[in-house]
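S.K.: Just one file: final31.pdb, with PDB, C-alpha atoms and all ligand atoms.
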```
MODEL        1
ATOM      1  CA  MET O   1       0.000   0.000   0.000
ATOM      2  CA  GLY O   2       1.260   3.515  -0.779
ATOM      3  CA  ASN O   3       1.911   5.987   1.941
ATOM      4  CA  VAL O   4      -1.451   7.416   2.956
ATOM      5  CA  VAL O   5       0.031   9.860   5.460
ATOM      6  CA  LYS O   6       1.386  12.858   3.579
ATOM      7  CA  LYS O   7       0.844  15.715   6.013
ATOM      8  CA  ALA O   8       2.512  16.324   9.347
ATOM      9  CA  VAL O   9       1.860  18.884  12.053
ATOM     10  CA  PHE O  10       4.651  20.198  14.268
ATOM     11  CA  PRO O  11       3.300  22.041  17.294
ATOM     12  CA  VAL O  12       6.104  24.469  18.128
ATOM     13  CA  GLY O  13       4.247  27.214  19.982
ATOM     14  CA  GLY O  14       5.307  26.277  23.534
ATOM     15  CA  MET O  15       7.163  28.770  25.733
ATOM     16  CA  GLY O  16       9.964  26.418  26.782
ATOM     17  CA  THR O  17      10.014  27.720  30.348
ATOM     18  CA  ARG O  18      11.934  24.660  31.562
ATOM     19  CA  PHE O  19      14.977  25.838  29.628
ATOM     20  CA  LEU O  20      15.089  29.456  30.744
ATOM     21  CA  PRO O  21      17.166  31.535  30.318
ATOM     22  CA  ALA O  22      18.292  29.706  27.116
ATOM     23  CA  THR O  23      14.789  29.998  25.677
ATOM     24  CA  LYS O  24      14.185  33.667  26.476
ATOM     25  CA  ALA O  25      14.823  34.677  22.865
ATOM     26  CA  LEU O  26      15.447  31.253  21.284
ATOM     27  CA  PRO O  27      12.621  28.791  20.541
ATOM     28  CA  LYS O  28      13.176  25.613  22.572
ATOM     29  CA  GLU O  29      12.845  23.611  19.347
ATOM     30  CA  MET O  30      16.026  25.325  18.121
ATOM     31  CA  LEU O  31      18.120  23.940  20.987
ATOM     32  CA  PRO O  32      20.735  21.690  19.401
ATOM     33  CA  ILE O  33      21.473  18.051  20.029
ATOM     34  CA  VAL O  34      25.195  18.159  19.212
ATOM     35  CA  ASP O  35      24.940  20.493  16.181
ATOM     36  CA  LYS O  36      21.419  20.041  14.864
ATOM     37  CA  PRO O  37      18.287  21.709  16.285
ATOM     38  CA  LEU O  38      15.630  19.470  17.813
ATOM     39  CA  ILE O  39      13.069  20.533  15.218
ATOM     40  CA  GLN O  40      15.336  19.425  12.396
ATOM     41  CA  TYR O  41      15.499  15.900  13.794
ATOM     42  CA  ALA O  42      11.698  15.815  13.701
ATOM     43  CA  VAL O  43      11.487  17.238  10.167
ATOM     44  CA  GLU O  44      14.110  14.809   8.836
ATOM     45  CA  GLU O  45      12.214  11.951  10.473
ATOM     46  CA  ALA O  46       9.041  13.096   8.709
ATOM     47  CA  ILE O  47      10.802  13.404   5.341
ATOM     48  CA  SER O  48      12.240   9.898   5.691
ATOM     49  CA  ALA O  49       8.751   8.571   6.494
ATOM     50  CA  GLY O  50       7.348   9.994   3.234
ATOM     51  CA  ILE O  51       5.718  13.190   4.536
ATOM     52  CA  GLU O  52       5.265  15.818   1.820
ATOM     53  CA  GLU O  53       3.449  18.669   3.594
ATOM     54  CA  PHE O  54       4.804  20.230   6.766
ATOM     55  CA  ILE O  55       2.539  22.322   8.963
ATOM     56  CA  PHE O  56       4.104  24.285  11.799
ATOM     57  CA  VAL O  57       1.861  25.639  14.515
ATOM     58  CA  THR O  58       4.024  28.415  15.884
ATOM     59  CA  GLY O  59       3.653  31.235  18.371
ATOM     60  CA  ARG O  60       5.226  34.542  19.266
ATOM     61  CA  GLY O  61       8.998  34.678  19.182
ATOM     62  CA  LYS O  62       9.356  31.615  16.955
ATOM     63  CA  THR O  63      10.524  33.225  13.734
ATOM     64  CA  ALA O  64      13.954  31.572  14.112
ATOM     65  CA  ILE O  65      12.227  28.305  13.102
ATOM     66  CA  GLU O  66      10.953  29.836   9.848
ATOM     67  CA  ASP O  67      14.398  31.265   9.141
ATOM     68  CA  HIS O  68      16.012  27.908   9.836
ATOM     69  CA  PHE O  69      13.976  26.159   7.136
ATOM     70  CA  ASP O  70      14.570  28.963   4.654
ATOM     71  CA  GLN O  71      17.649  29.319   2.460
ATOM     72  CA  SER O  72      20.175  31.898   3.498
ATOM     73  CA  ALA O  73      21.581  33.373   0.279
ATOM     74  CA  GLU O  74      24.439  35.059   2.167
ATOM     75  CA  LEU O  75      25.502  31.841   3.850
ATOM     76  CA  LEU O  76      25.248  29.916   0.572
ATOM     77  CA  ASN O  77      27.412  32.510  -1.214
ATOM     78  CA  LEU O  78      29.997  32.594   1.525
ATOM     79  CA  LEU O  79      30.324  28.821   1.794
ATOM     80  CA  SER O  80      30.531  28.299  -1.974
ATOM     81  CA  LYS O  81      33.133  31.065  -2.306
ATOM     82  CA  ARG O  82      35.187  29.295   0.339
ATOM     83  CA  ASN O  83      34.495  25.939  -1.314
ATOM     84  CA  LYS O  84      33.093  24.461   1.912
ATOM     85  CA  GLN O  85      31.227  21.574   0.288
ATOM     86  CA  ASN O  86      30.504  19.723   3.535
ATOM     87  CA  ASP O  87      28.998  22.744   5.231
ATOM     88  CA  LEU O  88      26.977  23.512   2.104
ATOM     89  CA  LYS O  89      25.556  20.005   2.168
ATOM     90  CA  LYS O  90      24.670  20.380   5.845
ATOM     91  CA  ILE O  91      22.648  23.553   5.338
ATOM     92  CA  MET O  92      20.800  22.173   2.297
ATOM     93  CA  GLU O  93      19.881  18.854   3.918
ATOM     94  CA  GLY O  94      16.620  18.408   5.736
ATOM     95  CA  ILE O  95      14.896  21.404   4.176
ATOM     96  CA  PRO O  96      11.505  20.587   2.670
ATOM     97  CA  LYS O  97      10.892  21.642  -0.937
ATOM     98  CA  PRO O  98       9.680  25.180  -1.718
ATOM     99  CA  GLY O  99       5.994  25.484  -0.885
ATOM    100  CA  ALA O 100       5.954  22.336   1.236
ATOM    101  CA  ILE O 101       5.906  24.167   4.566
ATOM    102  CA  ALA O 102       2.965  26.130   5.947
ATOM    103  CA  TYR O 103       3.016  28.153   9.138
ATOM    104  CA  THR O 104       0.026  29.033  11.265
ATOM    105  CA  ARG O 105      -0.051  30.594  14.701
ATOM    106  CA  GLN O 106      -1.542  29.402  17.936
ATOM    107  CA  GLN O 107      -2.449  32.792  19.288
ATOM    108  CA  GLU O 108      -2.898  31.658  22.888
ATOM    109  CA  PRO O 109      -1.151  28.791  24.711
ATOM    110  CA  LEU O 110      -4.320  26.803  25.418
ATOM    111  CA  GLY O 111      -2.813  23.318  25.174
ATOM    112  CA  LEU O 112      -1.572  20.701  22.707
ATOM    113  CA  GLY O 113      -5.102  19.835  21.537
ATOM    114  CA  HIS O 114      -5.712  23.491  20.767
ATOM    115  CA  ALA O 115      -2.421  23.704  18.830
ATOM    116  CA  ILE O 116      -3.483  20.781  16.628
ATOM    117  CA  TRP O 117      -6.950  22.298  16.199
ATOM    118  CA  CYS O 118      -5.267  25.464  14.834
ATOM    119  CA  ALA O 119      -4.108  23.343  11.858
ATOM    120  CA  ARG O 120      -7.606  22.015  11.011
ATOM    121  CA  ASN O 121      -8.105  24.001   7.785
ATOM    122  CA  LEU O 122      -4.692  22.970   6.490
ATOM    123  CA  ILE O 123      -5.439  19.325   7.288
ATOM    124  CA  GLY O 124      -8.929  19.216   5.762
ATOM    125  CA  GLN O 125     -10.075  15.620   5.317
ATOM    126  CA  ASP O 126      -6.642  13.976   5.401
ATOM    127  CA  THR O 127      -5.093  11.563   7.841
ATOM    128  CA  PHE O 128      -2.029  13.277   9.290
ATOM    129  CA  ALA O 129       0.953  12.789  11.535
ATOM    130  CA  VAL O 130       1.924  14.845  14.570
ATOM    131  CA  LEU O 131       5.526  15.060  15.728
ATOM    132  CA  LEU O 132       6.501  16.619  19.045
ATOM    133  CA  ALA O 133      10.073  17.864  18.656
ATOM    134  CA  ASP O 134      10.739  17.348  22.399
ATOM    135  CA  ASP O 135      10.843  13.606  21.877
ATOM    136  CA  ILE O 136      13.654  12.336  19.699
ATOM    137  CA  PHE O 137      14.484   8.737  18.952
ATOM    138  CA  MET O 138      17.638   6.810  18.297
ATOM    139  CA  SER O 139      16.628   3.783  16.286
ATOM    140  CA  GLN O 140      17.491   1.907  13.117
ATOM    141  CA  LYS O 141      14.145   2.700  11.523
ATOM    142  CA  SER O 142      12.734   6.087  12.536
ATOM    143  CA  CYS O 143       9.769   6.153  14.909
ATOM    144  CA  LEU O 144       7.287   7.598  12.400
ATOM    145  CA  LYS O 145       8.454   5.169   9.714
ATOM    146  CA  GLN O 146       7.862   2.247  12.106
ATOM    147  CA  MET O 147       4.326   3.547  12.626
ATOM    148  CA  ILE O 148       3.548   4.205   8.968
ATOM    149  CA  ASP O 149       4.818   0.728   8.045
ATOM    150  CA  GLU O 150       2.371  -0.773  10.569
ATOM    151  CA  TYR O 151      -0.525   1.522   9.703
ATOM    152  CA  ASP O 152      -3.246  -0.138   7.631
ATOM    153  CA  GLY O 153      -4.922   3.068   6.481
ATOM    154  CA  ASN O 154      -7.812   2.899   8.943
ATOM    155  CA  GLY O 155      -8.174   4.893  12.161
ATOM    156  CA  GLY O 156      -5.095   6.164  13.938
ATOM    157  CA  MET O 157      -1.991   5.227  15.861
ATOM    158  CA  VAL O 158       0.195   6.582  18.651
ATOM    159  CA  ALA O 159       3.806   5.770  19.538
ATOM    160  CA  VAL O 160       4.029   3.991  22.875
ATOM    161  CA  GLU O 161       6.705   3.348  25.470
ATOM    162  CA  GLU O 162       6.411   1.258  28.617
ATOM    163  CA  ILE O 163       7.074   3.480  31.612
ATOM    164  CA  GLU O 164       7.682   1.985  35.043
ATOM    165  CA  GLY O 165       6.701   3.699  38.293
ATOM    166  CA  GLU O 166       5.521   7.193  39.106
ATOM    167  CA  GLU O 167       6.995   8.712  35.938
ATOM    168  CA  ILE O 168       3.843   7.536  34.158
ATOM    169  CA  SER O 169       2.054  10.604  35.548
ATOM    170  CA  ASN O 170       3.952  12.794  33.051
ATOM    171  CA  TYR O 171       2.270  11.199  30.043
ATOM    172  CA  GLY O 172      -0.924  10.421  28.214
ATOM    173  CA  VAL O 173      -1.654   6.810  29.223
ATOM    174  CA  LEU O 174      -3.447   4.071  27.277
ATOM    175  CA  ASN O 175      -6.474   2.221  28.472
ATOM    176  CA  VAL O 176      -5.831  -1.153  26.848
ATOM    177  CA  ASP O 177      -8.559  -2.973  24.959
ATOM    178  CA  SER O 178      -6.358  -5.844  23.729
ATOM    179  CA  MET O 179      -2.738  -6.651  22.933
ATOM    180  CA  GLN O 180      -1.945  -7.709  19.365
ATOM    181  CA  GLY O 181       1.798  -8.376  19.247
ATOM    182  CA  ASN O 182       3.568  -5.018  19.416
ATOM    183  CA  LYS O 183       0.283  -3.243  18.747
ATOM    184  CA  ILE O 184      -2.170  -2.271  21.483
ATOM    185  CA  LYS O 185      -5.802  -1.664  20.643
ATOM    186  CA  ILE O 186      -6.844   1.461  22.526
ATOM    187  CA  ASN O 187     -10.029   1.738  24.474
ATOM    188  CA  GLY O 188      -9.386   5.255  25.761
ATOM    189  CA  LEU O 189      -6.621   7.416  27.184
ATOM    190  CA  VAL O 190      -6.004   9.510  30.279
ATOM    191  CA  GLU O 191      -3.744  12.580  30.342
ATOM    192  CA  LYS O 192      -1.231  12.668  33.189
ATOM    193  CA  PRO O 193      -3.071  10.365  35.615
ATOM    194  CA  GLU O 194      -2.032   9.975  39.240
ATOM    195  CA  TYR O 195       0.273   6.978  39.540
ATOM    196  CA  SER O 196      -2.318   4.941  41.454
ATOM    197  CA  LYS O 197      -4.967   5.687  38.814
ATOM    198  CA  ALA O 198      -2.922   5.059  35.672
ATOM    199  CA  PRO O 199      -4.893   2.622  33.467
ATOM    200  CA  SER O 200      -1.679   0.928  32.214
ATOM    201  CA  LYS O 201       2.060   1.464  31.934
ATOM    202  CA  TYR O 202       1.810   2.288  28.242
ATOM    203  CA  ALA O 203       2.599   5.962  27.704
ATOM    204  CA  VAL O 204       2.107   8.012  24.552
ATOM    205  CA  VAL O 205       5.396   9.420  23.298
ATOM    206  CA  GLY O 206       5.485  12.300  20.816
ATOM    207  CA  ARG O 207       4.367  10.732  17.519
ATOM    208  CA  TYR O 208       0.783  10.345  16.345
ATOM    209  CA  ILE O 209      -1.137   9.333  13.214
ATOM    210  CA  LEU O 210      -4.535  11.000  13.497
ATOM    211  CA  THR O 211      -7.772  11.130  11.572
ATOM    212  CA  PRO O 212      -9.687  14.391  10.991
ATOM    213  CA  LYS O 213     -12.445  12.912  13.187
ATOM    214  CA  ILE O 214     -10.382  14.289  16.067
ATOM    215  CA  PHE O 215     -11.472  17.825  15.124
ATOM    216  CA  GLU O 216     -15.083  16.989  15.995
ATOM    217  CA  TYR O 217     -13.967  16.767  19.617
ATOM    218  CA  LEU O 218     -11.443  19.600  19.465
ATOM    219  CA  ASP O 219     -14.099  21.933  17.983
ATOM    220  CA  LYS O 220     -15.803  21.853  21.393
ATOM    221  CA  GLN O 221     -12.716  23.460  22.994
ATOM    222  CA  LYS O 222     -13.250  21.445  26.165
ATOM    223  CA  LYS O 223     -10.537  21.827  28.780
ATOM    224  CA  GLY O 224      -8.966  18.853  30.545
ATOM    225  CA  ALA O 225      -5.923  18.176  32.750
ATOM    226  CA  GLY O 226      -4.021  21.319  33.774
ATOM    227  CA  ASN O 227      -6.993  23.361  32.482
ATOM    228  CA  GLU O 228      -5.673  22.886  28.935
ATOM    229  CA  ILE O 229      -7.336  21.626  25.759
ATOM    230  CA  GLN O 230      -5.712  18.191  25.651
ATOM    231  CA  LEU O 231      -4.951  16.167  22.541
ATOM    232  CA  THR O 232      -5.161  13.054  24.718
ATOM    233  CA  ASP O 233      -8.840  13.751  25.555
ATOM    234  CA  ALA O 234      -9.647  14.208  21.865
ATOM    235  CA  LEU O 235      -7.814  10.960  21.102
ATOM    236  CA  SER O 236      -9.669   9.145  23.831
ATOM    237  CA  TRP O 237     -13.001  10.174  22.342
ATOM    238  CA  THR O 238     -11.905   9.385  18.774
ATOM    239  CA  ALA O 239     -10.603   5.938  19.793
ATOM    240  CA  LYS O 240     -14.140   5.078  20.887
ATOM    241  CA  ASN O 241     -15.407   5.857  17.382
ATOM    242  CA  GLU O 242     -12.557   4.595  15.218
ATOM    243  CA  ASN O 243      -9.780   1.995  15.465
ATOM    244  CA  TYR O 244      -6.823   3.484  17.291
ATOM    245  CA  PHE O 245      -3.687   1.545  18.138
ATOM    246  CA  GLY O 246      -0.581   2.112  20.208
ATOM    247  CA  LEU O 247       2.647   0.853  18.666
ATOM    248  CA  LYS O 248       5.548  -0.140  20.907
ATOM    249  CA  ILE O 249       8.546   1.590  19.344
ATOM    250  CA  ASN O 250      11.907  -0.098  18.852
ATOM    251  CA  GLY O 251      14.761   2.165  19.848
ATOM    252  CA  GLU O 252      15.659   4.653  22.535
ATOM    253  CA  ARG O 253      13.640   7.788  23.164
ATOM    254  CA  PHE O 254      15.033  10.935  24.711
ATOM    255  CA  ASP O 255      12.701  13.311  26.485
ATOM    256  CA  CYS O 256      14.367  16.549  25.460
ATOM    257  CA  GLY O 257      11.639  18.525  27.227
ATOM    258  CA  SER O 258      13.553  17.768  30.433
ATOM    259  CA  LYS O 259      17.104  18.870  31.181
ATOM    260  CA  ILE O 260      18.300  15.373  32.004
ATOM    261  CA  GLY O 261      16.761  13.900  28.843
ATOM    262  CA  TYR O 262      18.292  16.710  26.797
ATOM    263  CA  LEU O 263      21.766  16.149  28.267
ATOM    264  CA  ARG O 264      21.491  12.377  27.785
ATOM    265  CA  ALA O 265      20.536  12.910  24.149
ATOM    266  CA  ASN O 266      23.546  15.150  23.574
ATOM    267  CA  ILE O 267      25.892  12.568  25.073
ATOM    268  CA  SER O 268      24.341   9.593  23.273
ATOM    269  CA  PHE O 269      24.184  11.284  19.875
ATOM    270  CA  ALA O 270      27.788  12.468  20.267
ATOM    271  CA  ILE O 271      28.912   8.925  21.145
ATOM    272  CA  ASN O 272      27.163   7.741  17.998
ATOM    273  CA  ARG O 273      29.092  10.142  15.753
ATOM    274  CA  ASP O 274      32.309   9.002  14.101
ATOM    275  CA  ASP O 275      33.870  12.438  14.437
ATOM    276  CA  LEU O 276      33.146  12.773  18.160
ATOM    277  CA  SER O 277      32.795   9.371  19.769
ATOM    278  CA  GLU O 278      36.431   8.733  20.650
ATOM    279  CA  GLU O 279      36.976  12.079  22.348
ATOM    280  CA  ILE O 280      33.697  12.146  24.224
ATOM    281  CA  LEU O 281      34.159   8.587  25.481
ATOM    282  CA  LYS O 282      37.675   9.440  26.645
ATOM    283  CA  TYR O 283      36.293  12.406  28.543
ATOM    284  CA  LEU O 284      33.445  10.413  30.097
ATOM    285  CA  ARG O 285      35.878   7.729  31.262
ATOM    286  CA  LYS O 286      38.009  10.401  32.878
ATOM    287  CA  LEU O 287      34.996  11.705  34.807
ATOM    288  CA  ASN O 288      34.110   8.272  36.059
TER     289      ASN O 288
HETATM  290  C1  LIG W 301       2.534  15.726  25.818
HETATM  291  C2  LIG W 301       1.173  15.014  25.776
HETATM  292  C3  LIG W 301       1.257  13.682  26.515
HETATM  293  C4  LIG W 301       2.372  12.828  25.916
HETATM  294  C5  LIG W 301       3.694  13.600  25.949
HETATM  295  C6  LIG W 301       4.775  12.828  25.207
HETATM  296  O1  LIG W 301       2.797  16.102  27.145
HETATM  297  O2  LIG W 301       0.192  15.853  26.353
HETATM  298  O3  LIG W 301       0.034  13.002  26.395
HETATM  299  O4  LIG W 301       2.476  11.613  26.638
HETATM  300  O5  LIG W 301       3.562  14.880  25.320
HETATM  301  O6  LIG W 301       6.013  13.459  25.313
HETATM  302  P1  LIG W 301       3.921  17.182  27.557
HETATM  303  O7  LIG W 301       5.233  16.466  27.462
HETATM  304  O8  LIG W 301       3.816  18.304  26.594
HETATM  305  O9  LIG W 301       3.610  17.578  28.963
ENDMDL
END
```
Just give me the structure as structure tokens.
Ligand code: G1P

M.R.:
Amino acid sequence: MGNVVKKAVFPVGGMGTRFLPATKALPKEMLPIVDKPLIQYAVEEAISAGIEEFIFVTGRGKTAIEDHFDQSAELLNLLSKRNKQNDLKKIMEGIPKPGAIAYTRQQEPLGLGHAIWCARNLIGQDTFAVLLADDIFMSQKSCLKQMIDEYDGNGGMVAVEEIEGEEISNYGVLNVDSMQGNKIKINGLVEKPEYSKAPSKYAVVGRYILTPKIFEYLDKQKKGAGNEIQLTDALSWTAKNENYFGLKINGERFDCGSKIGYLRANISFAINRDDLSEEILKYLRKLN
């Protein structure tokens, strides 16, 4: 079957308060893991999974993201004059084709569900992916590609990780209908439940394949956990009307929305790089 998911939404309107003062003037999605901004990892993942239309839901102070995915004529000129072929390649890679990116603004920070709802007219009647740049994966096959390969064209899917202990309260959590190998049929979801009330240990991690049905719920603008319009609540309702699955993802996920996750990602991605691994490992051994 051809790829039926061609559009992806990147909610990038968040304030990034956990990374202040770094994020006072810099969007948190522009924080680098080694030398590449978080948002570029997400966009490259989408490109490699066959996405053709990229919808950014931005907010105030996020113009650096638009500039990043633009071409800088000055930089191109300078690098070609100096014959810096490698650097030229780096700045051309991972940029969607002209006209493939659309930007819309979430005018108020009313929650992730609200951010997705802001993209409704650009989505229309299509099934679409959502990628949260905070979560990045180190895996042989990218997270979204794993999902699209398992997706049968009906209903939706979320990426899932098993989370032990109280940490589960930081996530949207699956209410399990049935297990089908590495797929979990969803019967509902709860956003950030108390540990004792979590319906399972299967947490949603930042990748979704969604149907436009979700907008029927989001249109109501109903607030949920944290007094925010939650994507998880909309998903929970949609999963009762359509087939929604969780897919256990192969690979390691880094929660770059937290400082520790962000630092771990920097270390792990550096260790994985031919040009850096030897030096960084030497340094880490010295610290030990
Ligand atoms: C968001 C979602 C949550 C999901 C998580 C994955 O929460 O609301 O359901 O489990 O992303 O990273 P946030 O991390 O923005 O608090």

S.K.: Using atom CA of O:Gln40 and atom CA of O:Ser268 as the two end points, give the distance in Å to one decimal.

M.R.: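 Atom-to-atom, atom CA of O:Gln40 to atom CA of O:Ser268, that is 17.2 Å.
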
S.K.: Set out as a tab-separated table a contact list for chain O and ligand LIG 301 (chain W) with a cut-off of 9 Å, giving each residue of chain O that qualifies its closest atom pair and distance in Å to one decimal, counting all atoms listed in the file, ordered by chain and rising residue number.

M.R.:
```
residue	atom	partner	partner_atom	distance
O:Gly14	CA	W:LIG301	O8	8.7
O:Gly111	CA	W:LIG301	O2	8.1
O:Leu112	CA	W:LIG301	O2	6.3
O:Gly113	CA	W:LIG301	O2	8.2
O:Leu132	CA	W:LIG301	O6	7.0
O:Ala133	CA	W:LIG301	O6	9.0
O:Asp134	CA	W:LIG301	O6	6.8
O:Asp135	CA	W:LIG301	O6	5.9
O:Val160	CA	W:LIG301	O4	8.6
O:Ile168	CA	W:LIG301	O4	8.7
O:Ser169	CA	W:LIG301	O4	9.0
O:Asn170	CA	W:LIG301	O9	6.3
O:Tyr171	CA	W:LIG301	O4	3.4
O:Gly172	CA	W:LIG301	O3	3.3
O:Val173	CA	W:LIG301	O4	6.8
O:Leu189	CA	W:LIG301	O3	8.7
O:Val190	CA	W:LIG301	O3	8.0
O:Glu191	CA	W:LIG301	O3	5.5
O:Lys192	CA	W:LIG301	O3	6.9
O:Ala203	CA	W:LIG301	O4	5.8
O:Val204	CA	W:LIG301	O4	4.2
O:Val205	CA	W:LIG301	C6	4.0
O:Gly206	CA	W:LIG301	C6	4.5
O:Arg207	CA	W:LIG301	C6	8.0
O:Gln230	CA	W:LIG301	O2	6.4
O:Leu231	CA	W:LIG301	O2	6.4
O:Thr232	CA	W:LIG301	O3	5.5
O:Asp233	CA	W:LIG301	O3	8.9
O:Asp255	CA	W:LIG301	O6	6.8
O:Cys256	CA	W:LIG301	O6	8.9
O:Gly257	CA	W:LIG301	O7	6.7
O:Ser258	CA	W:LIG301	O7	8.9
```

S.K.: Could you tell me how far atom CA of O:Ala25 sits from atom CA of O:Lys7, in Å to one decimal place?

M.R.: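 Atom-to-atom, atom CA of O:Lys7 and atom CA of O:Ala25 are spaced 29.0 Å apart.
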
S.K.: Using only C-alpha atoms, pick whichever of O:Asn243, O:Asn175, O:Thr58, O:Asn3 has the shortest atom-to-atom distance to O:Ile116.

M.R.: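 Nearest candidate to O:Ile116 out of O:Asn243, O:Asn175, O:Thr58, O:Asn3: O:Thr58.
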
S.K.: Of the residues O:Lys89, O:Asn266, O:Ala119, O:Pro21, which is the one nearest to O:Pro37, using only C-alpha atoms?

M.R.: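 When distances to O:Pro37 are compared using only C-alpha atoms, the smallest one comes from O:Asn266.
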
S.K.: Between O:Asn187, O:Asn288, O:Thr127, O:Ser236, which residue has the minimum interatomic distance to O:Pro212, considering all atoms listed in the file?

M.R.: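 Using all atoms listed in the file, the shortest distance to O:Pro212 belongs to O:Thr127.
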
S.K.: Which is closer to O:Thr104 than all the others in O:Cys143, O:Ala42, O:Phe10, O:Gly16, using only C-alpha atoms?

M.R.: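 With only C-alpha atoms as the atom set, the closest residue is O:Phe10.
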
S.K.: Enter the distance from atom CA of O:Ser277 to atom CA of O:Leu31, in Å, rounded to one decimal.

M.R.: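 Here the two named atoms are 20.7 Å from each other.
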
S.K.: Selection in question (the file shown): the PyMOL selection byres (((chain O and resi 107) around 10) and not hetatm). Which residues does it include, as number ranges by chain?

M.R.: O: 13, 57-60, 104-106, 108-110, 114-115, 118

S.K.: So, counting all atoms listed in the file, which residue among O:Arg18, O:His68, O:Lys248, O:Lys286 is closest to O:Glu162?

M.R.: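 Of O:Arg18, O:His68, O:Lys248, O:Lys286, the one nearest O:Glu162, counting all atoms listed in the file, is O:Lys248.
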
S.K.: Using the chain letters and numbers from this file, what does the PyMOL selection byres (((chain O and resi 146-159) around 10) and not hetatm) select? Give the answer as a CSV table (one decimal) with C-alpha atoms, in the coordinates of the input.

M.R.:
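Contents of result_15.csv, freshly written:
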```
chain,number,residue,atom,x,y,z
O,1,MET,CA,0.0,0.0,0.0
O,2,GLY,CA,1.3,3.5,-0.8
O,3,ASN,CA,1.9,6.0,1.9
O,4,VAL,CA,-1.5,7.4,3.0
O,5,VAL,CA,0.0,9.9,5.5
O,49,ALA,CA,8.8,8.6,6.5
O,50,GLY,CA,7.3,10.0,3.2
O,127,THR,CA,-5.1,11.6,7.8
O,128,PHE,CA,-2.0,13.3,9.3
O,129,ALA,CA,1.0,12.8,11.5
O,130,VAL,CA,1.9,14.8,14.6
O,139,SER,CA,16.6,3.8,16.3
O,140,GLN,CA,17.5,1.9,13.1
O,141,LYS,CA,14.1,2.7,11.5
O,142,SER,CA,12.7,6.1,12.5
O,143,CYS,CA,9.8,6.2,14.9
O,144,LEU,CA,7.3,7.6,12.4
O,145,LYS,CA,8.5,5.2,9.7
O,160,VAL,CA,4.0,4.0,22.9
O,161,GLU,CA,6.7,3.3,25.5
O,174,LEU,CA,-3.4,4.1,27.3
O,182,ASN,CA,3.6,-5.0,19.4
O,183,LYS,CA,0.3,-3.2,18.7
O,184,ILE,CA,-2.2,-2.3,21.5
O,185,LYS,CA,-5.8,-1.7,20.6
O,186,ILE,CA,-6.8,1.5,22.5
O,202,TYR,CA,1.8,2.3,28.2
O,203,ALA,CA,2.6,6.0,27.7
O,204,VAL,CA,2.1,8.0,24.6
O,205,VAL,CA,5.4,9.4,23.3
O,206,GLY,CA,5.5,12.3,20.8
O,207,ARG,CA,4.4,10.7,17.5
O,208,TYR,CA,0.8,10.3,16.3
O,209,ILE,CA,-1.1,9.3,13.2
O,210,LEU,CA,-4.5,11.0,13.5
O,211,THR,CA,-7.8,11.1,11.6
O,212,PRO,CA,-9.7,14.4,11.0
O,213,LYS,CA,-12.4,12.9,13.2
O,214,ILE,CA,-10.4,14.3,16.1
O,235,LEU,CA,-7.8,11.0,21.1
O,238,THR,CA,-11.9,9.4,18.8
O,239,ALA,CA,-10.6,5.9,19.8
O,241,ASN,CA,-15.4,5.9,17.4
O,242,GLU,CA,-12.6,4.6,15.2
O,243,ASN,CA,-9.8,2.0,15.5
O,244,TYR,CA,-6.8,3.5,17.3
O,245,PHE,CA,-3.7,1.5,18.1
O,246,GLY,CA,-0.6,2.1,20.2
O,247,LEU,CA,2.6,0.9,18.7
O,248,LYS,CA,5.5,-0.1,20.9
O,249,ILE,CA,8.5,1.6,19.3
O,250,ASN,CA,11.9,-0.1,18.9
```

S.K.: Pick from O:Glu74, O:Glu167, O:Glu53, O:Glu29: nearest to O:Leu88, with only C-alpha atoms counted?

M.R.: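 Checking each candidate against O:Leu88, we get O:Glu74 as the closest.
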
S.K.: Identify, on the basis of only C-alpha atoms, every residue whose closest approach to O:Lys90 does not exceed 10 Å; exclude the query and any residue fewer than 5 positions from it along the same chain; express the result as a ChimeraX atom specification.

M.R.: /O:36,85,95

S.K.: Taking the file above as input, evaluate the PyMOL selection byres (((chain O and resi 270) around 12) and not hetatm) and report the hits as a tab-separated table (two decimals) with C-alpha atoms, keeping the file's coordinate frame.

M.R.:
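result_20.tsv, freshly written:
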```
chain	number	residue	atom	x	y	z
O	32	PRO	CA	20.74	21.69	19.40
O	33	ILE	CA	21.47	18.05	20.03
O	34	VAL	CA	25.20	18.16	19.21
O	35	ASP	CA	24.94	20.49	16.18
O	36	LYS	CA	21.42	20.04	14.86
O	138	MET	CA	17.64	6.81	18.30
O	263	LEU	CA	21.77	16.15	28.27
O	264	ARG	CA	21.49	12.38	27.78
O	265	ALA	CA	20.54	12.91	24.15
O	266	ASN	CA	23.55	15.15	23.57
O	267	ILE	CA	25.89	12.57	25.07
O	268	SER	CA	24.34	9.59	23.27
O	269	PHE	CA	24.18	11.28	19.88
O	271	ILE	CA	28.91	8.93	21.14
O	272	ASN	CA	27.16	7.74	18.00
O	273	ARG	CA	29.09	10.14	15.75
O	274	ASP	CA	32.31	9.00	14.10
O	275	ASP	CA	33.87	12.44	14.44
O	276	LEU	CA	33.15	12.77	18.16
O	277	SER	CA	32.80	9.37	19.77
O	278	GLU	CA	36.43	8.73	20.65
O	279	GLU	CA	36.98	12.08	22.35
O	280	ILE	CA	33.70	12.15	24.22
O	281	LEU	CA	34.16	8.59	25.48
O	283	TYR	CA	36.29	12.41	28.54
O	284	LEU	CA	33.44	10.41	30.10
```

S.K.: Please list as a ChimeraX atom specification every residue within 10 Å of O:Ser72, counting all atoms listed in the file and excluding residues in the same chain fewer than 5 positions away.

M.R.: /O:67,77,91-92
